[in-house]
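Chemist: Below you will find the structure I want to go over with you.
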Amino acid sequence: MNEKQHTTLDSYIHQYQLEDLFPASFRQHMKVSPFEKGETLFTAGDQLEELYFLVEGKIKIFTLTPEGKSLINRFKRPLALIGDVEYVKGSPVLNSVEAVTEGVMISAPFSHLSDLEKEHPSFIRFLLDTVAHKFYTESHTTSMHMLYPVEVRLASYLLSISSVGEGTVFHQEMRTSNLIELAEWIGTSYRHLNRVLKKMAADHVVERTNGSVTIKDLEKLRTLAKGNIYE
């Protein structure tokens, strides 16, 4: 991520009502960092030095199985928080994070947050609420994901990486190598994934043309996704 000037920091603070967490005197320590689509933002095992707030864009959080395969944990939109558990526990990054779209994060250094805790108890309350909510929801959803059929997981994945919410149609390269990787992401085999894609195409939910997939019926896809299990 590239650091950006502070010109937009106050606007993000105001937009997400973070004034009580980060008073004006503290904001000199903060920064704004834009990122690009497809950029690896954090890797499991990294040591973070800052607390990050996602204020624009969408990110994908994933983990590696003991066999070395990648599995989707969750997709996050603003106002997602990255580094809260690492700050509280002093531990390395647990899951890797990749940018699904271009976006922006604002961050505050760990080294200054300890002073903020002493002066603003509301920040401690915020961290407690955030960490407790994260452990409850993510442990529950992660365990539930693999209980859903592949059709639901695939539909949710397509919705999550598409930009249909912004009025455009998803168009993604789906050649064999990408499908093998996608099968690993959602926890199935390439053959099973291919069968599910063929059924979706036969049902006119998606269209497969020249190695690409396009959403044809957004409402049907949303129905298949059961509300989107990844968001």
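Chain identifiers are assigned as A, B, and so on, following the order in which chains appear in the structure tokens; residues are numbered from 1 within each chain, and ligands are numbered from 1 in order of appearance.
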Would you list the contacts of Tyr230 in chain A as a list in words, taking every protein, DNA or RNA residue within 6 Å and counting only C-alpha atoms, but skipping same-chain residues closer than 2 positions in sequence?
Modeler: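 Here the qualifying residues turn out to be Arg74, Phe75 and Asn228 of chain A.
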Chemist: Write out the residues from the selection above, keeping all heavy atoms, as a PDB file, in the first residue's frame.
Modeler:
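Output saved as part19.pdb:
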```pdb
ATOM      1  N   ARG A  74     -13.606 -14.900   4.622  1.00  0.00           N
ATOM      2  CA  ARG A  74     -14.624 -13.854   4.590  1.00  0.00           C
ATOM      3  C   ARG A  74     -14.241 -12.773   3.592  1.00  0.00           C
ATOM      4  O   ARG A  74     -13.053 -12.563   3.318  1.00  0.00           O
ATOM      5  CB  ARG A  74     -14.715 -13.205   5.983  1.00  0.00           C
ATOM      6  CG  ARG A  74     -16.042 -12.539   6.291  1.00  0.00           C
ATOM      7  CD  ARG A  74     -17.047 -13.533   6.746  1.00  0.00           C
ATOM      8  NE  ARG A  74     -18.222 -12.866   7.297  1.00  0.00           N
ATOM      9  CZ  ARG A  74     -19.445 -13.306   7.148  1.00  0.00           C
ATOM     10  NH1 ARG A  74     -19.664 -14.384   6.452  1.00  0.00           N
ATOM     11  NH2 ARG A  74     -20.471 -12.686   7.677  1.00  0.00           N
ATOM     12  N   PHE A  75     -15.248 -12.084   3.057  1.00  0.00           N
ATOM     13  CA  PHE A  75     -15.040 -10.853   2.312  1.00  0.00           C
ATOM     14  C   PHE A  75     -15.457  -9.708   3.224  1.00  0.00           C
ATOM     15  O   PHE A  75     -16.439  -9.825   3.964  1.00  0.00           O
ATOM     16  CB  PHE A  75     -15.873 -10.831   1.033  1.00  0.00           C
ATOM     17  CG  PHE A  75     -15.356 -11.741  -0.046  1.00  0.00           C
ATOM     18  CD1 PHE A  75     -15.710 -13.079  -0.075  1.00  0.00           C
ATOM     19  CD2 PHE A  75     -14.516 -11.254  -1.036  1.00  0.00           C
ATOM     20  CE1 PHE A  75     -15.237 -13.920  -1.070  1.00  0.00           C
ATOM     21  CE2 PHE A  75     -14.036 -12.089  -2.042  1.00  0.00           C
ATOM     22  CZ  PHE A  75     -14.397 -13.422  -2.050  1.00  0.00           C
ATOM     23  N   ASN A 228     -25.595 -14.616   0.525  1.00  0.00           N
ATOM     24  CA  ASN A 228     -24.134 -14.518   0.420  1.00  0.00           C
ATOM     25  C   ASN A 228     -23.449 -14.912   1.731  1.00  0.00           C
ATOM     26  O   ASN A 228     -23.320 -14.111   2.659  1.00  0.00           O
ATOM     27  CB  ASN A 228     -23.669 -13.117  -0.002  1.00  0.00           C
ATOM     28  CG  ASN A 228     -22.227 -13.138  -0.464  1.00  0.00           C
ATOM     29  OD1 ASN A 228     -21.464 -14.050  -0.136  1.00  0.00           O
ATOM     30  ND2 ASN A 228     -21.845 -12.151  -1.253  1.00  0.00           N
TER      31      ASN A 228
END
```
Chemist: Near Glu50 in chain A, counting only C-alpha atoms, which residues have an atom at most 8 Å away, once you skip same-chain residues fewer than 3 positions from it, shown as a PyMOL selection string?
Modeler: chain A and resi 83+87+107-110
Chemist: For the residues in that selection, give me C-alpha atoms as a JSON list (two decimals), in the first residue's frame.
Modeler:
```json
[["chain", "number", "residue", "atom", "x", "y", "z"],
["A", 83, "GLY", "CA", -5.00, -5.70, 13.18],
["A", 87, "TYR", "CA", -2.66, -5.38, 18.58],
["A", 107, "SER", "CA", -4.24, 3.38, 9.93],
["A", 108, "ALA", "CA", -2.90, 4.24, 13.37],
["A", 109, "PRO", "CA", 0.45, 2.97, 14.71],
["A", 110, "PHE", "CA", 0.42, 0.51, 17.60]]
```
Chemist: Excluding Thr130 in chain A and residues on its chain fewer than 3 positions from it, collect all residues at most 10 Å away from it, counting only C-alpha atoms, and give them as a PyMOL selection string.
Modeler: chain A and resi 80-81+84-85+124-127+133-135
Chemist: Those same residues, written as a compact mmCIF listing (two decimals), in the first residue's frame with N, CA, C and O atoms?
Modeler:
```txt
# COMPACT_ATOMS: atom_id res chain seq x y z
N ALA A 80 -14.38 -2.32 7.88
CA ALA A 80 -13.71 -3.49 8.44
C ALA A 80 -12.44 -3.06 9.16
O ALA A 80 -11.79 -2.09 8.78
N LEU A 81 -12.11 -3.81 10.20
CA LEU A 81 -10.92 -3.50 11.01
C LEU A 81 -9.92 -4.64 10.87
O LEU A 81 -10.26 -5.81 11.02
N ASP A 84 -6.74 -5.66 14.88
CA ASP A 84 -7.23 -5.51 16.25
C ASP A 84 -6.75 -6.66 17.15
O ASP A 84 -6.25 -6.43 18.26
N VAL A 85 -6.89 -7.89 16.66
CA VAL A 85 -6.45 -9.04 17.44
C VAL A 85 -4.93 -9.02 17.59
O VAL A 85 -4.39 -9.29 18.69
N ILE A 124 -10.82 1.63 24.24
CA ILE A 124 -10.74 0.28 24.81
C ILE A 124 -12.07 -0.44 24.65
O ILE A 124 -12.11 -1.61 24.29
N ARG A 125 -13.16 0.28 24.92
CA ARG A 125 -14.49 -0.31 24.76
C ARG A 125 -14.73 -0.73 23.31
O ARG A 125 -15.27 -1.80 23.05
N PHE A 126 -14.28 0.11 22.39
CA PHE A 126 -14.42 -0.19 20.97
C PHE A 126 -13.65 -1.46 20.61
O PHE A 126 -14.17 -2.33 19.89
N LEU A 127 -12.42 -1.59 21.10
CA LEU A 127 -11.62 -2.78 20.81
C LEU A 127 -12.26 -4.03 21.38
O LEU A 127 -12.31 -5.08 20.73
N HIS A 133 -16.96 -9.47 18.88
CA HIS A 133 -17.86 -9.70 17.74
C HIS A 133 -17.15 -10.49 16.65
O HIS A 133 -17.74 -11.40 16.04
N LYS A 134 -15.89 -10.17 16.39
CA LYS A 134 -15.15 -10.84 15.33
C LYS A 134 -14.99 -12.32 15.65
O LYS A 134 -15.22 -13.17 14.78
N PHE A 135 -14.60 -12.65 16.88
CA PHE A 135 -14.39 -14.06 17.22
C PHE A 135 -15.69 -14.84 17.15
O PHE A 135 -15.72 -15.98 16.68
```
Chemist: When you look at Ser91 in chain A with a cut-off of 10 Å (counting only C-alpha atoms), what residues show up, excluding the ones that are within fewer than 3 positions of it in the same chain? I need them as a VMD selection string.
Modeler: chain A and resid 45 to 48 83 85 to 88 94
Chemist: Would you export the selected residues with N, CA and C atoms as an mmCIF file, in the first residue's frame, please?
Modeler:
```
data_model
loop_
_atom_site.group_PDB
_atom_site.id
_atom_site.type_symbol
_atom_site.label_atom_id
_atom_site.label_comp_id
_atom_site.auth_asym_id
_atom_site.auth_seq_id
_atom_site.Cartn_x
_atom_site.Cartn_y
_atom_site.Cartn_z
ATOM 1 N N GLY A 45 1.419 -14.571 9.202
ATOM 2 C CA GLY A 45 2.759 -14.588 9.779
ATOM 3 C C GLY A 45 3.418 -13.226 9.836
ATOM 4 N N ASP A 46 2.862 -12.248 9.102
ATOM 5 C CA ASP A 46 3.405 -10.887 9.152
ATOM 6 C C ASP A 46 3.260 -10.309 10.559
ATOM 7 N N GLN A 47 4.172 -9.417 10.908
ATOM 8 C CA GLN A 47 4.064 -8.670 12.161
ATOM 9 C C GLN A 47 3.553 -7.271 11.832
ATOM 10 N N LEU A 48 2.342 -6.964 12.276
ATOM 11 C CA LEU A 48 1.775 -5.648 12.004
ATOM 12 C C LEU A 48 2.295 -4.616 12.989
ATOM 13 N N GLY A 83 -6.097 -5.916 12.231
ATOM 14 C CA GLY A 83 -5.002 -5.702 13.176
ATOM 15 C C GLY A 83 -5.446 -5.568 14.612
ATOM 16 N N VAL A 85 -6.890 -7.892 16.656
ATOM 17 C CA VAL A 85 -6.448 -9.038 17.438
ATOM 18 C C VAL A 85 -4.928 -9.021 17.594
ATOM 19 N N GLU A 86 -4.244 -8.664 16.520
ATOM 20 C CA GLU A 86 -2.779 -8.603 16.565
ATOM 21 C C GLU A 86 -2.291 -7.537 17.551
ATOM 22 N N TYR A 87 -3.032 -6.440 17.633
ATOM 23 C CA TYR A 87 -2.663 -5.378 18.583
ATOM 24 C C TYR A 87 -2.886 -5.835 20.022
ATOM 25 N N VAL A 88 -4.035 -6.438 20.280
ATOM 26 C CA VAL A 88 -4.373 -6.843 21.644
ATOM 27 C C VAL A 88 -3.470 -7.983 22.123
ATOM 28 N N LEU A 94 -2.941 -13.698 11.470
ATOM 29 C CA LEU A 94 -3.462 -15.064 11.428
ATOM 30 C C LEU A 94 -3.874 -15.468 10.012
#
```
Chemist: What does the distance from CA of Val152 in chain A to CA of Glu36 in chain A come to in Å, to one decimal?
Modeler: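 Straight-line distance from CA of Val152 in chain A to CA of Glu36 in chain A works out to 28.2 Å.
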Chemist: According to DSSP computed on the backbone, where in range 95-227 of chain A is there strand (DSSP E)? Give the residues as an MDAnalysis selection string.
Modeler: chainID A and resid 96:99 103:109 171:173 206:209 212:215
Chemist: Fewer than 2 positions away in the same chain doesn't count, so skip those; otherwise give me all residues within 10 Å of range 178-189 of chain A, counting only C-alpha atoms, as a PyMOL selection string.
Modeler: chain A and resi 62-65+68-73+145-146+149-150+152-154+156-157+172-176+191-194+211
Chemist: What is the distance, in Å and to one decimal place, between CA of Tyr52 in chain A and CA of Val131 in chain A?
Modeler: 13.7 Å
Chemist: List as a list in words the protein and nucleic acid residues near Glu56 in chain A, meaning an atom at most 10 Å away when only C-alpha atoms are counted, but skip any in the same chain fewer than 4 places from it.
Modeler: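 Final neighbour list, sorted by chain and number: Tyr12, Pro34, Phe35, Arg77, Pro78, Leu79, Ala80, Thr101, Glu102, Gly103, Val104, Met105 and Ile106 of chain A.
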Chemist: Using only C-alpha atoms, can you tell me which of A:Glu98, A:Asp129, A:Glu119, A:Glu219 comes closest to Leu41 in chain A?
Modeler: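 So, comparing all the options, the nearest one is A:Glu98.
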Chemist: Rounded to one decimal, what separation in Å do you get between CA of Leu54 in chain A and CA of Ala225 in chain A?
Modeler: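 Value for the CA of Leu54 in chain A-CA of Ala225 in chain A distance: 24.4 Å.
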Chemist: Looking at A:Glu151, A:Ser114, A:Val213, A:Ser160, which one is nearest to Lys199 in chain A, with distances taken over only C-alpha atoms?
Modeler: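 The shortest atom-to-atom distance to Lys199 in chain A comes from A:Glu151.
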Chemist: From the set A:Thr214, A:Gln15, A:Ser96, A:Gln28, which residue has the shortest atom-to-atom contact distance to Ile59 in chain A, counting only C-alpha atoms?
Modeler: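 Among A:Thr214, A:Gln15, A:Ser96, A:Gln28, it is A:Ser96 that comes nearest to Ile59 in chain A.
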Chemist: Please run DSSP on the backbone and report, as an MDAnalysis selection string, all residues within range 64-217 of chain A that come out as helix (DSSP H, G or I).
Modeler: chainID A and resid 84:89 110:119 121:145 150:161 164:166 176:186 190:202
